[in-house]
>>> print(open('run_23.cif').read())   # mmCIF, C-alpha atoms and all ligand atoms
data_upload
loop_
_atom_site.label_atom_id
_atom_site.label_comp_id
_atom_site.auth_asym_id
_atom_site.auth_seq_id
_atom_site.Cartn_x
_atom_site.Cartn_y
_atom_site.Cartn_z
CA MET A 1 1.25 44.54 68.07
CA ILE A 2 2.45 46.76 65.19
CA ASP A 3 -0.23 49.42 64.87
CA LEU A 4 -0.35 50.98 61.39
CA ARG A 5 -3.91 52.33 61.62
CA SER A 6 -2.94 55.89 62.46
CA ASP A 7 -0.15 58.10 63.77
CA THR A 8 -2.47 59.06 66.63
CA VAL A 9 -1.83 55.73 68.41
CA THR A 10 1.64 56.69 69.71
CA ARG A 11 2.10 56.69 73.46
CA PRO A 12 4.29 59.17 75.33
CA GLY A 13 7.64 57.71 76.34
CA ALA A 14 9.46 58.13 79.63
CA GLU A 15 11.24 61.38 78.71
CA MET A 16 8.08 63.03 77.43
CA ARG A 17 6.26 61.94 80.59
CA ALA A 18 9.07 63.37 82.71
CA ALA A 19 8.67 66.72 80.91
CA MET A 20 4.93 66.57 81.61
CA ALA A 21 5.48 65.78 85.28
CA ALA A 22 7.88 68.70 85.65
CA ALA A 23 5.65 71.26 83.87
CA GLU A 24 4.89 74.54 85.63
CA VAL A 25 1.15 75.07 85.41
CA GLY A 26 -1.64 77.53 86.19
CA ASP A 27 -5.22 78.23 85.15
CA ASP A 28 -4.96 78.77 81.39
CA VAL A 29 -8.46 80.25 81.07
CA TYR A 30 -7.07 83.10 83.20
CA GLY A 31 -3.97 83.13 80.97
CA GLU A 32 -1.87 81.90 83.89
CA ASP A 33 -0.33 78.69 82.60
CA PRO A 34 3.31 79.49 81.74
CA THR A 35 3.83 76.23 79.84
CA VAL A 36 0.81 76.80 77.61
CA ARG A 37 2.01 80.35 76.96
CA ALA A 38 5.46 79.06 76.07
CA LEU A 39 3.97 76.54 73.65
CA GLU A 40 1.74 79.19 72.05
CA GLU A 41 4.66 81.59 71.59
CA ARG A 42 7.05 78.93 70.36
CA THR A 43 4.63 77.46 67.83
CA ALA A 44 3.48 80.86 66.59
CA ALA A 45 7.15 81.75 66.02
CA ILE A 46 7.78 78.53 64.08
CA LEU A 47 4.78 79.38 61.91
CA GLY A 48 5.76 83.04 61.55
CA LYS A 49 2.52 84.21 63.17
CA GLU A 50 1.90 86.82 65.88
CA ALA A 51 -0.03 84.61 68.27
CA GLY A 52 -1.27 81.11 68.98
CA LEU A 53 -4.09 79.44 70.86
CA PHE A 54 -3.74 75.97 72.41
CA VAL A 55 -6.82 73.79 71.90
CA PRO A 56 -7.68 70.16 72.66
CA SER A 57 -7.91 68.78 69.11
CA GLY A 58 -7.23 69.43 65.45
CA THR A 59 -10.94 69.38 64.80
CA MET A 60 -11.51 72.12 67.33
CA ALA A 61 -8.66 74.20 65.90
CA ASN A 62 -10.19 74.03 62.43
CA GLN A 63 -13.72 74.70 63.56
CA ILE A 64 -12.73 77.64 65.74
CA ALA A 65 -10.85 79.02 62.72
CA ILE A 66 -13.85 78.65 60.43
CA ARG A 67 -16.16 80.28 62.99
CA THR A 68 -13.68 83.08 63.64
CA HIS A 69 -13.27 83.97 59.97
CA THR A 70 -16.99 83.88 59.10
CA GLU A 71 -20.55 84.68 60.13
CA PRO A 72 -23.48 82.28 59.74
CA GLY A 73 -24.75 82.38 56.18
CA ASP A 74 -21.30 82.86 54.65
CA GLU A 75 -19.73 80.44 52.22
CA ILE A 76 -16.40 78.68 52.50
CA ILE A 77 -14.44 76.91 49.77
CA ALA A 78 -12.74 73.60 50.47
CA ASP A 79 -11.71 70.42 48.73
CA ALA A 80 -14.54 67.88 48.56
CA ARG A 81 -12.46 65.40 50.56
CA ALA A 82 -11.12 67.87 53.11
CA HIS A 83 -10.82 66.67 56.68
CA ILE A 84 -13.00 69.60 57.80
CA LEU A 85 -15.83 68.18 55.67
CA LEU A 86 -15.28 64.40 55.78
CA TYR A 87 -14.28 63.80 59.38
CA GLU A 88 -15.47 66.71 61.49
CA ARG A 89 -19.11 65.70 62.01
CA ALA A 90 -20.65 68.44 59.84
CA ALA A 91 -19.25 71.05 62.23
CA PRO A 92 -18.88 73.84 59.64
CA THR A 93 -22.63 73.80 59.07
CA ALA A 94 -23.62 72.94 62.65
CA LEU A 95 -21.25 75.24 64.56
CA ALA A 96 -20.36 78.06 62.16
CA GLY A 97 -23.52 77.94 60.04
CA VAL A 98 -21.53 78.27 56.82
CA MET A 99 -22.16 76.65 53.46
CA PRO A 100 -19.23 74.68 52.06
CA ARG A 101 -18.62 74.90 48.32
CA LEU A 102 -16.50 72.12 46.97
CA VAL A 103 -13.48 71.85 44.76
CA HIS A 104 -13.22 68.42 43.14
CA SER A 105 -9.50 68.00 42.95
CA GLU A 106 -6.80 65.42 42.43
CA ARG A 107 -5.58 64.40 45.91
CA GLY A 108 -6.65 67.62 47.58
CA ILE A 109 -4.39 69.87 45.53
CA PHE A 110 -5.78 72.46 43.15
CA GLY A 111 -5.11 75.92 41.74
CA GLY A 112 -6.37 79.47 41.89
CA ASP A 113 -8.56 78.79 38.85
CA SER A 114 -10.71 76.45 40.99
CA VAL A 115 -11.16 79.18 43.58
CA ARG A 116 -11.99 81.78 40.92
CA ALA A 117 -14.67 79.48 39.48
CA LEU A 118 -16.50 79.32 42.81
CA VAL A 119 -16.29 82.89 44.08
CA HIS A 120 -19.47 84.81 43.35
CA GLY A 121 -18.93 88.07 41.53
CA PRO A 122 -21.64 90.62 40.82
CA LEU A 123 -23.66 89.53 37.77
CA PRO A 124 -25.31 92.15 35.55
CA GLY A 125 -29.11 91.80 35.75
CA MET A 126 -29.05 89.76 38.95
CA PRO A 127 -30.22 91.26 42.23
CA ALA A 128 -27.45 92.54 44.51
CA GLY A 129 -26.86 90.32 47.52
CA LEU A 130 -28.44 87.27 45.88
CA PHE A 131 -25.43 85.11 46.63
CA PRO A 132 -23.98 84.52 50.07
CA PRO A 133 -20.58 86.12 50.60
CA THR A 134 -17.66 83.76 49.97
CA ARG A 135 -15.36 84.45 52.90
CA LEU A 136 -12.84 81.71 53.39
CA LEU A 137 -10.65 79.26 51.53
CA CYS A 138 -9.53 76.19 53.49
CA LEU A 139 -6.42 74.37 52.29
CA GLU A 140 -5.17 71.11 53.82
CA ASN A 141 -1.44 70.24 53.88
CA THR A 142 -0.59 67.41 53.88
CA HIS A 143 -3.92 66.24 52.57
CA ASN A 144 -5.08 63.27 54.62
CA ALA A 145 -7.68 61.71 52.29
CA GLY A 146 -5.42 62.59 49.36
CA GLY A 147 -2.90 60.09 50.74
CA GLY A 148 -0.73 62.46 52.75
CA SER A 149 -0.12 64.50 49.61
CA VAL A 150 2.12 67.55 49.87
CA TRP A 151 1.18 70.84 48.25
CA PRO A 152 3.99 72.11 46.02
CA LEU A 153 4.84 75.44 47.67
CA ASP A 154 4.36 77.53 44.51
CA ARG A 155 0.92 75.99 43.87
CA PHE A 156 -0.07 76.62 47.48
CA ALA A 157 1.05 80.25 47.25
CA GLU A 158 -0.68 80.82 43.92
CA THR A 159 -3.97 79.34 45.16
CA ALA A 160 -3.92 81.37 48.38
CA ARG A 161 -2.99 84.53 46.45
CA GLU A 162 -5.94 84.10 44.10
CA ALA A 163 -8.30 83.66 47.07
CA ARG A 164 -6.99 86.82 48.71
CA ARG A 165 -7.33 88.72 45.45
CA HIS A 166 -11.06 87.99 45.73
CA GLY A 167 -11.18 89.17 49.34
CA LEU A 168 -11.22 85.72 50.88
CA ARG A 169 -9.29 84.81 53.97
CA VAL A 170 -7.20 81.65 53.90
CA HIS A 171 -7.05 78.96 56.57
CA CYS A 172 -4.63 76.03 56.44
CA ASP A 173 -5.61 72.77 58.09
CA GLY A 174 -2.01 71.94 58.87
CA ALA A 175 -2.65 69.09 61.28
CA ARG A 176 0.04 67.41 59.17
CA LEU A 177 1.99 70.52 58.18
CA TRP A 178 5.05 69.12 60.00
CA ASN A 179 5.08 66.23 57.53
CA ALA A 180 4.54 68.55 54.57
CA ALA A 181 7.44 70.77 55.57
CA ALA A 182 9.73 67.79 56.19
CA ALA A 183 8.85 66.26 52.82
CA ALA A 184 9.10 69.52 50.85
CA GLY A 185 12.30 70.52 52.63
CA VAL A 186 10.99 73.98 53.53
CA PRO A 187 10.20 75.54 56.91
CA GLU A 188 6.56 75.41 58.03
CA ARG A 189 6.31 79.18 57.81
CA ALA A 190 6.97 79.06 54.06
CA TYR A 191 3.43 77.67 53.77
CA ALA A 192 1.99 79.58 56.72
CA GLU A 193 2.94 82.99 55.32
CA HIS A 194 0.29 82.60 52.63
CA CYS A 195 -2.47 81.99 55.19
CA ASP A 196 -4.37 84.10 57.69
CA SER A 197 -4.61 81.18 60.08
CA VAL A 198 -2.95 77.81 60.48
CA ALA A 199 -3.94 74.82 62.61
CA VAL A 200 -1.23 72.34 63.60
CA CYS A 201 -1.57 69.10 65.53
CA PHE A 202 0.85 67.78 68.18
CA SER A 203 -0.84 64.39 68.57
CA LYS A 204 -0.18 63.01 65.06
CA GLY A 205 3.35 62.61 63.73
CA LEU A 206 4.91 64.53 66.61
CA GLY A 207 3.64 61.96 69.07
CA ALA A 208 2.26 64.12 71.90
CA PRO A 209 -0.81 62.68 73.64
CA VAL A 210 -3.16 65.66 73.21
CA GLY A 211 -3.40 69.08 71.63
CA SER A 212 -3.41 71.32 68.62
CA LEU A 213 -2.61 74.94 68.06
CA LEU A 214 -4.30 77.64 66.05
CA ALA A 215 -2.08 80.52 64.93
CA GLY A 216 -2.75 83.86 63.28
CA ASP A 217 -2.47 87.57 63.92
CA ARG A 218 -3.31 89.00 67.34
CA ALA A 219 -6.83 90.16 66.39
CA PHE A 220 -7.67 86.75 64.93
CA VAL A 221 -6.45 84.90 68.01
CA ASP A 222 -8.30 87.28 70.35
CA ARG A 223 -11.56 86.55 68.52
CA ALA A 224 -10.72 82.82 68.30
CA ARG A 225 -10.34 82.72 72.09
CA ARG A 226 -14.00 83.68 72.41
CA PHE A 227 -15.04 80.73 70.22
CA ARG A 228 -12.67 78.36 72.02
CA GLY A 229 -14.65 79.18 75.15
CA MET A 230 -17.98 78.83 73.35
CA PHE A 231 -17.00 75.41 71.95
CA GLY A 232 -15.93 74.23 75.40
CA GLY A 233 -12.21 74.17 74.66
CA GLY A 234 -10.93 76.28 77.57
CA MET A 235 -8.64 74.08 79.64
CA ARG A 236 -7.24 74.76 83.11
CA GLN A 237 -3.80 73.34 84.08
CA ALA A 238 -3.22 72.41 80.45
CA GLY A 239 0.54 72.92 80.85
CA VAL A 240 0.75 69.24 81.69
CA VAL A 241 -0.12 68.38 78.10
CA ALA A 242 1.46 71.50 76.56
CA ALA A 243 4.77 70.27 78.04
CA ALA A 244 4.48 67.10 75.99
CA ALA A 245 3.91 69.17 72.85
CA LEU A 246 6.96 71.33 73.60
CA TRP A 247 9.01 68.20 74.13
CA ALA A 248 7.72 66.80 70.84
CA LEU A 249 8.63 70.00 68.95
CA ASP A 250 12.19 69.67 70.23
CA HIS A 251 12.66 65.93 69.70
CA ASN A 252 10.25 64.53 67.12
CA ARG A 253 10.23 66.94 64.18
CA GLU A 254 13.54 66.01 62.58
CA ARG A 255 12.70 62.32 62.59
CA LEU A 256 9.53 62.64 60.47
CA VAL A 257 11.54 61.89 57.32
CA THR A 258 12.15 58.42 58.77
CA ASP A 259 8.38 57.80 58.84
CA HIS A 260 8.27 58.91 55.19
CA LEU A 261 11.03 56.45 54.28
CA HIS A 262 9.16 53.66 56.06
CA ALA A 263 5.95 54.49 54.18
CA ARG A 264 7.79 54.39 50.85
CA LYS A 265 9.29 51.04 51.75
CA LEU A 266 5.85 49.64 52.59
CA ALA A 267 4.46 51.03 49.34
CA ALA A 268 7.20 49.50 47.22
CA ALA A 269 6.70 46.09 48.84
CA LEU A 270 2.92 46.27 48.42
CA ALA A 271 3.25 47.32 44.78
CA ALA A 272 5.08 44.05 44.12
CA LEU A 273 2.07 42.00 45.29
CA PRO A 274 -0.39 41.09 42.52
CA ALA A 275 -3.36 41.40 44.91
CA VAL A 276 -2.55 45.06 45.63
CA GLU A 277 -3.25 48.21 43.65
CA ILE A 278 -1.03 51.10 44.70
CA ASP A 279 1.00 53.81 43.04
CA PRO A 280 4.14 54.07 45.16
CA GLU A 281 5.02 57.34 43.42
CA ARG A 282 2.13 58.93 45.27
CA VAL A 283 3.39 58.05 48.71
CA GLU A 284 5.00 61.32 49.71
CA THR A 285 4.74 61.32 53.51
CA ASN A 286 3.61 58.86 56.18
CA ILE A 287 0.13 57.89 54.89
CA LEU A 288 -0.59 55.29 52.26
CA TYR A 289 -3.78 53.95 50.81
CA PHE A 290 -4.07 50.85 48.69
CA ARG A 291 -6.81 48.79 47.07
CA LEU A 292 -7.16 45.04 47.19
CA ARG A 293 -8.16 43.15 44.08
CA ASN A 294 -11.09 40.82 44.81
CA ARG A 295 -10.60 40.91 48.55
CA ALA A 296 -12.51 42.57 51.37
CA ALA A 297 -10.49 45.13 53.31
CA ALA A 298 -12.12 44.08 56.61
CA LYS A 299 -11.13 40.43 56.08
CA PHE A 300 -7.59 41.47 55.21
CA ALA A 301 -7.41 43.60 58.38
CA GLU A 302 -8.62 40.68 60.48
CA ALA A 303 -6.02 38.33 59.03
CA CYS A 304 -3.26 40.88 59.63
CA GLU A 305 -4.39 41.51 63.18
CA ALA A 306 -4.24 37.79 63.92
CA ARG A 307 -0.56 38.01 62.88
CA GLY A 308 0.23 41.06 65.00
CA VAL A 309 -0.27 43.91 62.52
CA ARG A 310 -3.11 46.39 62.70
CA VAL A 311 -4.25 48.17 59.52
CA LEU A 312 -7.27 50.39 58.89
CA PRO A 313 -9.93 49.20 56.44
CA ILE A 314 -11.49 52.43 55.19
CA GLY A 315 -13.71 51.12 52.41
CA ILE A 316 -14.92 47.83 50.98
CA ASP A 317 -11.56 47.17 49.34
CA THR A 318 -9.41 50.06 50.55
CA VAL A 319 -6.86 49.97 53.34
CA ARG A 320 -4.94 52.76 55.04
CA LEU A 321 -1.51 52.49 56.63
CA VAL A 322 0.23 55.24 58.57
CA THR A 323 3.81 55.13 59.82
CA HIS A 324 4.82 56.88 63.05
CA LEU A 325 7.42 57.01 65.79
CA ASP A 326 6.32 53.74 67.37
CA VAL A 327 6.95 51.87 64.09
CA SER A 328 10.58 50.80 63.74
CA ALA A 329 12.45 49.65 60.63
CA ALA A 330 12.13 46.07 61.94
CA ASP A 331 8.36 46.59 62.37
CA VAL A 332 8.15 47.67 58.73
CA ASP A 333 9.92 44.47 57.62
CA ARG A 334 7.65 42.39 59.84
CA ALA A 335 4.51 44.09 58.44
CA ILE A 336 5.69 43.45 54.88
CA ALA A 337 6.18 39.75 55.69
CA VAL A 338 2.66 39.60 57.15
CA PHE A 339 1.08 41.28 54.10
CA ASP A 340 2.97 38.86 51.89
CA GLU A 341 1.74 35.88 53.84
CA VAL A 342 -1.90 37.03 54.13
CA LEU A 343 -2.20 37.91 50.45
CA ALA A 344 -0.38 34.83 49.19
CA ARG A 345 -3.15 32.76 50.76
CA GLY A 346 -5.76 34.41 48.57
C1 LIG B 1 -6.20 64.34 62.27
C2 LIG B 1 -6.51 65.50 61.43
C3 LIG B 1 -7.34 66.53 61.91
C4 LIG B 1 -8.09 66.48 63.21
O1 LIG B 1 -7.38 66.25 64.33
P1 LIG B 1 -8.07 65.65 65.65
O2 LIG B 1 -7.08 66.04 66.68
O3 LIG B 1 -8.21 64.19 65.43
O4 LIG B 1 -9.38 66.32 65.85
C5 LIG B 1 -7.56 67.60 61.08
N1 LIG B 1 -7.02 67.67 59.85
C6 LIG B 1 -6.24 66.71 59.36
C7 LIG B 1 -5.66 66.85 57.99
C8 LIG B 1 -5.95 65.58 60.13
O5 LIG B 1 -5.17 64.63 59.62
#
>>> encode(input="run_23.cif", output="structure tokens")
Amino acid sequence: MIDLRSDTVTRPGAEMRAAMAAAEVGDDVYGEDPTVRALEERTAAILGKEAGLFVPSGTMANQIAIRTHTEPGDEIIADARAHILLYERAAPTALAGVMPRLVHSERGIFGGDSVRALVHGPLPGMPAGLFPPTRLLCLENTHNAGGGSVWPLDRFAETAREARRHGLRVHCDGARLWNAAAAAGVPERAYAEHCDSVAVCFSKGLGAPVGSLLAGDRAFVDRARRFRGMFGGGMRQAGVVAAAALWALDHNRERLVTDHLHARKLAAALAALPAVEIDPERVETNILYFRLRNRAAAKFAEACEARGVRVLPIGIDTVRLVTHLDVSAADVDRAIAVFDEVLARG
């Protein structure tokens, strides 16, 4: 089976498992797991941050960040299709008690003007304290629902700078920051330096089985540790999974550009099919979305699955494909042949 539903479906290979088996471990809630500490230090260094906190999932990393930067009753600004709002089970309102205010953008990328338009300033004639404080801007890079879109670095910097000018803190949902950096040809810290906190995921493109990391300055991470405990994210001998993440950092970062090439190849082939609506120019990393003309996405997915290719129907007529380290060049060719065959049949 060629599984193109998500880059979270990868399974650890023999070498990664060997690294996991050999990991030195301890009780991480007591700060005694040397492998977790090594991962936290290594990742924080890559991101140019003082400290890091290992957590079970990208969702938890984001939600701890939001809770750490805010108090209940505060406002946050995020793109209307941000992962933190679409796919995290209303956690910002349920766990942090914050009110999201939405930027309606093109593919998750916007400018400082959008932030400025939403920040409340004092208004003459209006009572002081009428509006909730706007505390946090959340940026997502790459933007998942935006089709794996990459923020141009100067736009990212300008938007973050404008937020900070208004006293906001800036969090980056960088679950896919590895892909963004690979596609933009800049180090991850070039984005991270504009943010107070960054969340990165080891279980997407990097192919580790479990884990994300939240990075920031020491005071931020100290406070975040409290909320990791509150949210039930304290793990014990977590070095077993941290070892897989360390292995992935060493072996699976450079190859991300291959996933991007594969996605572009899929997009170009799909664009040639009359039944498909896709703009291949917009496929920048390893995610691609396309629409089917007069066909149900679920039916299409079923027909592909019967021929050994799994795709993700994410709307009535919309399909998502994601390339990853368990999808080879031959798999890409095979998937293209299957799409051809399924769509030729009408
Ligand atoms: C996958 C993803 C997350 C959440 O990660 P989980 O580990 O699945 O909770 C957050 N943000 C983005 C952009 C993602 O793609």
>>> residues_near_ligand(input="run_23.cif", ligand="ligand LIG 1 (chain B)", cutoff="7 Å", atoms="all atoms listed in the file", output="number ranges by chain")
A: 57-60, 83-84, 140-144, 173-176, 201, 203-204, 211-212
>>> atom_distance(input="run_23.cif", atom1="CA of Glu281 in chain A", atom2="CA of Ala267 in chain A")
8.7 Å
>>> atom_distance(input="run_23.cif", atom1="CA of Asp279 in chain A", atom2="CA of Ala335 in chain A")
18.5 Å
>>> closest_residue(input="run_23.cif", among="A:Gly52, A:Gly146, A:Gly125, A:Pro133", to="Glu71 in chain A", atoms="all atoms listed in the file")
A:Pro133
>>> closest_residue(input="run_23.cif", among="A:Arg164, A:Arg169, A:Arg5, A:Lys265", to="Cys304 in chain A", atoms="all atoms listed in the file")
A:Arg5
>>> residues_around(input="run_23.cif", residues="Val36 in chain A", least_positions_apart="3", cutoff="9 Å", atoms="only C-alpha atoms", output="number ranges by chain")
A: 25-26, 28, 31-33, 39-41, 53-54, 237-243
>>> closest_residue(input="run_23.cif", among="A:Leu256, A:Gly232, A:Leu206, A:Ile77", to="Ala163 in chain A", atoms="all atoms listed in the file")
A:Ile77
>>> residues_near_point(input="run_23.cif", point="(-13.3, 39.1, 46.6)", cutoff="12 Å", atoms="all atoms listed in the file", output="MDAnalysis selection string")
chainID A and resid 275 291:300 316:317 343 346
>>> residues_near_point(input="run_23.cif", point="(3.1, 53.8, 58.1)", cutoff="7 Å", atoms="all atoms listed in the file", output="PDB file with C-alpha atoms, keeping the file's coordinate frame")
ATOM      1  CA  LEU A   4      -0.350  50.980  61.390  1.00  0.00           C
ATOM      2  CA  ASP A 259       8.380  57.800  58.840  1.00  0.00           C
ATOM      3  CA  HIS A 262       9.160  53.660  56.060  1.00  0.00           C
ATOM      4  CA  ALA A 263       5.950  54.490  54.180  1.00  0.00           C
ATOM      5  CA  ASN A 286       3.610  58.860  56.180  1.00  0.00           C
ATOM      6  CA  ILE A 287       0.130  57.890  54.890  1.00  0.00           C
ATOM      7  CA  LEU A 321      -1.510  52.490  56.630  1.00  0.00           C
ATOM      8  CA  VAL A 322       0.230  55.240  58.570  1.00  0.00           C
ATOM      9  CA  THR A 323       3.810  55.130  59.820  1.00  0.00           C
ATOM     10  CA  HIS A 324       4.820  56.880  63.050  1.00  0.00           C
TER      11      HIS A 324
END
>>> atom_distance(input="run_23.cif", atom1="CA of Phe131 in chain A", atom2="CA of Met99 in chain A")
11.4 Å
>>> closest_residue(input="run_23.cif", among="A:Thr285, A:Gln63, A:Thr70, A:Thr8", to="Ser149 in chain A", atoms="all atoms listed in the file")
A:Thr285
>>> closest_residue(input="run_23.cif", among="A:Leu123, A:Arg67, A:Pro100, A:Leu118", to="Met230 in chain A", atoms="all atoms listed in the file")
A:Arg67
>>> closest_residue(input="run_23.cif", among="A:Ala157, A:Gly48, A:Val319, A:Pro34", to="Arg189 in chain A", atoms="only C-alpha atoms")
A:Gly48
>>> build_atoms(input="run_23.cif", residues="range 160-176 of chain A", atoms="N, CA and C atoms", output="short mmCIF file (atom, residue, chain, number, x, y, z; two decimals), in the frame of the given file")
data_model
loop_
_atom_site.label_atom_id
_atom_site.label_comp_id
_atom_site.auth_asym_id
_atom_site.auth_seq_id
_atom_site.Cartn_x
_atom_site.Cartn_y
_atom_site.Cartn_z
N ALA A 160 -3.59 80.45 47.28
CA ALA A 160 -3.92 81.37 48.38
C ALA A 160 -3.98 82.81 47.87
N ARG A 161 -3.05 83.16 46.99
CA ARG A 161 -2.99 84.53 46.45
C ARG A 161 -4.26 84.85 45.67
N GLU A 162 -4.72 83.88 44.89
CA GLU A 162 -5.94 84.10 44.10
C GLU A 162 -7.13 84.30 45.04
N ALA A 163 -7.21 83.51 46.10
CA ALA A 163 -8.30 83.66 47.07
C ALA A 163 -8.28 85.06 47.68
N ARG A 164 -7.10 85.50 48.07
CA ARG A 164 -6.99 86.82 48.71
C ARG A 164 -7.33 87.95 47.74
N ARG A 165 -7.00 87.73 46.47
CA ARG A 165 -7.33 88.72 45.45
C ARG A 165 -8.83 88.93 45.37
N HIS A 166 -9.60 87.89 45.73
CA HIS A 166 -11.06 87.99 45.73
C HIS A 166 -11.60 88.34 47.11
N GLY A 167 -10.73 88.73 48.01
CA GLY A 167 -11.18 89.17 49.34
C GLY A 167 -11.43 88.05 50.32
N LEU A 168 -11.04 86.83 49.95
CA LEU A 168 -11.22 85.72 50.88
C LEU A 168 -10.07 85.70 51.88
N ARG A 169 -10.37 85.13 53.05
CA ARG A 169 -9.29 84.81 53.97
C ARG A 169 -8.89 83.36 53.72
N VAL A 170 -7.70 83.00 54.18
CA VAL A 170 -7.20 81.65 53.90
C VAL A 170 -6.82 80.97 55.21
N HIS A 171 -7.40 79.78 55.40
CA HIS A 171 -7.05 78.96 56.57
C HIS A 171 -6.35 77.69 56.07
N CYS A 172 -5.29 77.29 56.76
CA CYS A 172 -4.63 76.03 56.44
C CYS A 172 -4.89 75.02 57.54
N ASP A 173 -5.54 73.92 57.19
CA ASP A 173 -5.61 72.77 58.09
C ASP A 173 -4.25 72.08 57.97
N GLY A 174 -3.39 72.46 58.89
CA GLY A 174 -2.01 71.94 58.87
C GLY A 174 -1.79 70.94 59.98
N ALA A 175 -2.83 70.15 60.27
CA ALA A 175 -2.65 69.09 61.28
C ALA A 175 -1.38 68.31 60.96
N ARG A 176 -1.12 68.17 59.64
CA ARG A 176 0.04 67.41 59.17
C ARG A 176 1.06 68.31 58.46
#
